[in-house]
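Asks: Okay, here's the structure, questions in a sec.
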Amino acid sequence: MKIILLGAPGAGKGTQAEVICERLSIPAISTGEIIREALKSGTEMGRKAKSYMEAGQLVPDEIVIGIIRERLAKDDCANGFILDGFPRTIVQAEALDKMGFAIDKVIDIEVADEDIVARISGRRVCDSCGAIYHVRYKSSAVDGVCDKCGGTLSQRKDDQPETVKERLIVYHEQTEPLKEYYRRQGRLFIVEGEEHIADTTRKTLAILEEAQL
Ligand code: AMP
């Protein structure tokens with residue numbers, strides 16, 4: 001199954017992607033994660049993306065479209081994939097359509113702006129494997145240490161409140177129009193992003209499992 005997760009930054013796309021990835025055994029692909037890796041290893045793409053990312057802006061379309069084209073060509077995507085954080089603009093959605101991947105479902109996780117800033121302030125990410133935690137809703141067994149790989153958990157630089165506000169503006173201007181784009185294609189499903197992650201997961205899986213009947 002080919003799935004897109006839409007939603008504002010901090011709506012919980014990454015956490016849902018992790019669950020779906022395990023349940024359906026298809027890779028979860030996060031363009032944000034790929035860019036953060038490139039930044040860490042100091043590649044040219046990472047250097048180009050750095051200033052945009054740190055300012056809460058979108059990285060230019062041609063860069064992220066290139067990243068996705070390359071990633072989706074890998075063998076592990078043959079049976080499907082979950083896209084977390086791509087597409088984020090109409091240009092990116094059109095490019096994905098042109099690549100010929102028939103997307104089955106687009107799930108939009110909706111969370112009110114006022115809840116986003118509060119939620120993101122508690123988000124922690126593993127520096128080594130990228131696993132996502134939350135100090136209140138999904139804490140690790142040992143404070144500051146990743147359950148999966150023992151890596152150090154830290155706050156993303158772009159999760160600071162000022163940058164989050166900018167990311168929300170960008171989301172409403174450039175990414176939210178994708179809802180209409182996919183609604184017109186008949187692929188859009190809306191899930192209310194609940195305070196408790198398990199509730200959001202239950203609703204998300206119900207939508208996906210119905211599709212598999
Ligand atoms: P995320 O981890 O999905 O919140 O992404 C973090 C940051 O990476 C975003 O704020 C953008 O700067 C950049 N980014 C990730 N995915 C995209 C995309 N599809 N288009 C443009 N920029 C992106």
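Every chain in the structure tokens takes a letter, A first, then B, and so on in the order presented; its residues are numbered from 1, and the ligands are numbered from 1 following the presented order.
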Check range 68-137 of chain A with DSSP on the backbone and list each residue it calls helix (DSSP H, G or I), as a list in words.

Replies: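 So, restricting range 68-137 of chain A to helix (DSSP H, G or I), we get Ile68, Arg69, Glu70, Arg71, Leu72, Asp75, Asp76, Cys77, Ile90, Val91, Gln92, Ala93, Glu94, Ala95, Leu96, Asp97, Lys98, Asp113, Glu114, Asp115, Ile116, Val117, Ala118, Arg119, Ile120 and Ser121 of chain A.
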
Asks: Which residues of chain A have any atom within 6 Å of an atom in ligand 1 when counting only C-alpha atoms and all ligand atoms, and what is the closest pair of atoms for each, with the distance in Å to one decimal? Order the rows by chain and rising number and write it as JSON lines.

Replies:
```
{"residue": "A:Pro9", "atom": "CA", "partner": "ligand 1", "partner_atom_place_in_ligand_line": "4 (O)", "distance": 5.4}
{"residue": "A:Thr31", "atom": "CA", "partner": "ligand 1", "partner_atom_place_in_ligand_line": "16 (N)", "distance": 4.4}
{"residue": "A:Gly32", "atom": "CA", "partner": "ligand 1", "partner_atom_place_in_ligand_line": "2 (O)", "distance": 3.5}
{"residue": "A:Glu33", "atom": "CA", "partner": "ligand 1", "partner_atom_place_in_ligand_line": "2 (O)", "distance": 5.6}
{"residue": "A:Tyr52", "atom": "CA", "partner": "ligand 1", "partner_atom_place_in_ligand_line": "12 (O)", "distance": 5.5}
{"residue": "A:Met53", "atom": "CA", "partner": "ligand 1", "partner_atom_place_in_ligand_line": "12 (O)", "distance": 3.5}
{"residue": "A:Gly56", "atom": "CA", "partner": "ligand 1", "partner_atom_place_in_ligand_line": "10 (O)", "distance": 5.0}
{"residue": "A:Gln57", "atom": "CA", "partner": "ligand 1", "partner_atom_place_in_ligand_line": "12 (O)", "distance": 4.9}
{"residue": "A:Leu58", "atom": "CA", "partner": "ligand 1", "partner_atom_place_in_ligand_line": "22 (N)", "distance": 3.7}
{"residue": "A:Val59", "atom": "CA", "partner": "ligand 1", "partner_atom_place_in_ligand_line": "22 (N)", "distance": 3.8}
{"residue": "A:Pro60", "atom": "CA", "partner": "ligand 1", "partner_atom_place_in_ligand_line": "21 (C)", "distance": 5.9}
{"residue": "A:Val64", "atom": "CA", "partner": "ligand 1", "partner_atom_place_in_ligand_line": "20 (N)", "distance": 5.6}
{"residue": "A:Gly85", "atom": "CA", "partner": "ligand 1", "partner_atom_place_in_ligand_line": "3 (O)", "distance": 4.3}
{"residue": "A:Phe86", "atom": "CA", "partner": "ligand 1", "partner_atom_place_in_ligand_line": "19 (N)", "distance": 3.9}
{"residue": "A:Pro87", "atom": "CA", "partner": "ligand 1", "partner_atom_place_in_ligand_line": "19 (N)", "distance": 4.8}
{"residue": "A:Arg88", "atom": "CA", "partner": "ligand 1", "partner_atom_place_in_ligand_line": "19 (N)", "distance": 4.6}
```

Asks: Filtering to all heavy atoms, could you give me those residues as a compact mmCIF listing (two decimals), in the first residue's frame?

Replies:
```
# COMPACT_ATOMS: atom_id res chain seq x y z
N PRO A 9 3.35 20.44 11.20
CA PRO A 9 4.48 19.94 11.99
C PRO A 9 4.01 19.66 13.40
O PRO A 9 3.23 20.44 13.96
CB PRO A 9 5.48 21.12 11.96
CG PRO A 9 4.71 22.30 11.47
CD PRO A 9 3.57 21.78 10.66
N THR A 31 11.21 12.82 4.59
CA THR A 31 12.18 13.69 3.91
C THR A 31 12.95 14.52 4.95
O THR A 31 14.14 14.75 4.80
CB THR A 31 11.49 14.63 2.88
OG1 THR A 31 10.22 15.02 3.39
CG2 THR A 31 11.33 13.97 1.55
N GLY A 32 12.25 14.92 6.03
CA GLY A 32 12.92 15.69 7.09
C GLY A 32 14.08 14.89 7.68
O GLY A 32 15.18 15.40 7.88
N GLU A 33 13.84 13.59 7.90
CA GLU A 33 14.86 12.71 8.48
C GLU A 33 16.03 12.54 7.50
O GLU A 33 17.20 12.58 7.91
CB GLU A 33 14.19 11.36 8.78
CG GLU A 33 14.97 10.40 9.65
CD GLU A 33 15.48 11.00 10.95
OE1 GLU A 33 14.73 11.77 11.57
OE2 GLU A 33 16.63 10.72 11.31
N TYR A 52 17.48 26.79 5.13
CA TYR A 52 16.02 26.74 5.00
C TYR A 52 15.42 26.04 6.23
O TYR A 52 14.49 26.52 6.86
CB TYR A 52 15.58 25.97 3.76
CG TYR A 52 16.03 26.58 2.47
CD1 TYR A 52 17.16 26.10 1.81
CD2 TYR A 52 15.32 27.62 1.89
CE1 TYR A 52 17.57 26.65 0.60
CE2 TYR A 52 15.72 28.19 0.69
CZ TYR A 52 16.85 27.70 0.05
OH TYR A 52 17.25 28.24 -1.13
N MET A 53 16.00 24.89 6.52
CA MET A 53 15.46 24.07 7.61
C MET A 53 15.53 24.83 8.93
O MET A 53 14.56 24.86 9.68
CB MET A 53 16.28 22.79 7.68
CG MET A 53 15.62 21.71 8.44
SD MET A 53 16.61 20.23 8.22
CE MET A 53 15.50 19.00 8.78
N GLY A 56 12.90 27.35 9.48
CA GLY A 56 11.51 26.89 9.47
C GLY A 56 10.87 26.99 8.10
O GLY A 56 9.66 26.87 7.95
N GLN A 57 11.71 27.20 7.07
CA GLN A 57 11.20 27.30 5.70
C GLN A 57 11.28 25.95 5.01
O GLN A 57 12.00 25.05 5.47
CB GLN A 57 12.07 28.30 4.90
CG GLN A 57 12.01 29.72 5.42
CD GLN A 57 10.64 30.35 5.21
OE1 GLN A 57 9.98 30.08 4.22
NE2 GLN A 57 10.23 31.19 6.13
N LEU A 58 10.59 25.84 3.88
CA LEU A 58 10.69 24.60 3.11
C LEU A 58 11.97 24.62 2.29
O LEU A 58 12.37 25.65 1.75
CB LEU A 58 9.50 24.45 2.17
CG LEU A 58 8.13 24.25 2.83
CD1 LEU A 58 7.07 23.97 1.75
CD2 LEU A 58 8.16 23.11 3.85
N VAL A 59 12.58 23.46 2.19
CA VAL A 59 13.73 23.27 1.32
C VAL A 59 13.19 23.31 -0.12
O VAL A 59 12.06 22.84 -0.36
CB VAL A 59 14.39 21.90 1.67
CG1 VAL A 59 15.47 21.53 0.68
CG2 VAL A 59 14.93 21.94 3.10
N PRO A 60 13.94 23.88 -1.09
CA PRO A 60 13.39 24.01 -2.45
C PRO A 60 12.88 22.69 -3.03
O PRO A 60 13.47 21.63 -2.80
CB PRO A 60 14.59 24.55 -3.25
CG PRO A 60 15.41 25.28 -2.24
CD PRO A 60 15.26 24.52 -0.96
N VAL A 64 14.02 18.32 -2.71
CA VAL A 64 13.25 17.23 -2.07
C VAL A 64 12.66 16.26 -3.09
O VAL A 64 12.58 15.06 -2.84
CB VAL A 64 12.13 17.74 -1.13
CG1 VAL A 64 12.66 18.02 0.23
CG2 VAL A 64 11.41 18.92 -1.67
N GLY A 85 5.86 13.70 5.55
CA GLY A 85 6.50 15.00 5.29
C GLY A 85 6.77 15.27 3.82
O GLY A 85 7.42 16.25 3.48
N PHE A 86 6.29 14.45 2.95
CA PHE A 86 6.34 14.66 1.50
C PHE A 86 5.06 14.12 0.92
O PHE A 86 4.66 13.03 1.28
CB PHE A 86 7.54 13.95 0.87
CG PHE A 86 7.67 14.23 -0.62
CD1 PHE A 86 8.51 15.23 -1.08
CD2 PHE A 86 6.91 13.51 -1.54
CE1 PHE A 86 8.61 15.50 -2.44
CE2 PHE A 86 6.99 13.80 -2.90
CZ PHE A 86 7.85 14.78 -3.35
N PRO A 87 4.41 14.82 0.01
CA PRO A 87 4.71 16.16 -0.48
C PRO A 87 4.30 17.25 0.50
O PRO A 87 3.45 17.03 1.36
CB PRO A 87 3.87 16.24 -1.77
CG PRO A 87 2.71 15.34 -1.52
CD PRO A 87 3.21 14.24 -0.63
N ARG A 88 4.89 18.43 0.32
CA ARG A 88 4.54 19.58 1.14
C ARG A 88 4.11 20.77 0.31
O ARG A 88 3.76 21.81 0.86
CB ARG A 88 5.74 19.99 1.99
CG ARG A 88 5.73 19.41 3.42
CD ARG A 88 7.00 19.88 4.09
NE ARG A 88 6.96 19.92 5.51
CZ ARG A 88 7.53 19.01 6.31
NH1 ARG A 88 8.10 17.95 5.80
NH2 ARG A 88 7.51 19.17 7.60
```

Asks: Which residues, written as JSON, numbers by chain, have at least one atom at most 9 Å from Thr204 in chain A, with only C-alpha atoms counted and residues fewer than 6 positions away on the same chain left out?

Replies: {"A": [16, 20, 107, 109, 190, 191]}

Asks: CA of Gln160 in chain A and CA of Phe189 in chain A, how far apart in Å?

Replies: 29.7 Å

Asks: A:Ile207, A:Leu6, A:Ile132, A:Leu83: which is nearest Gly144 in chain A, counting only C-alpha atoms?

Replies: A:Ile132
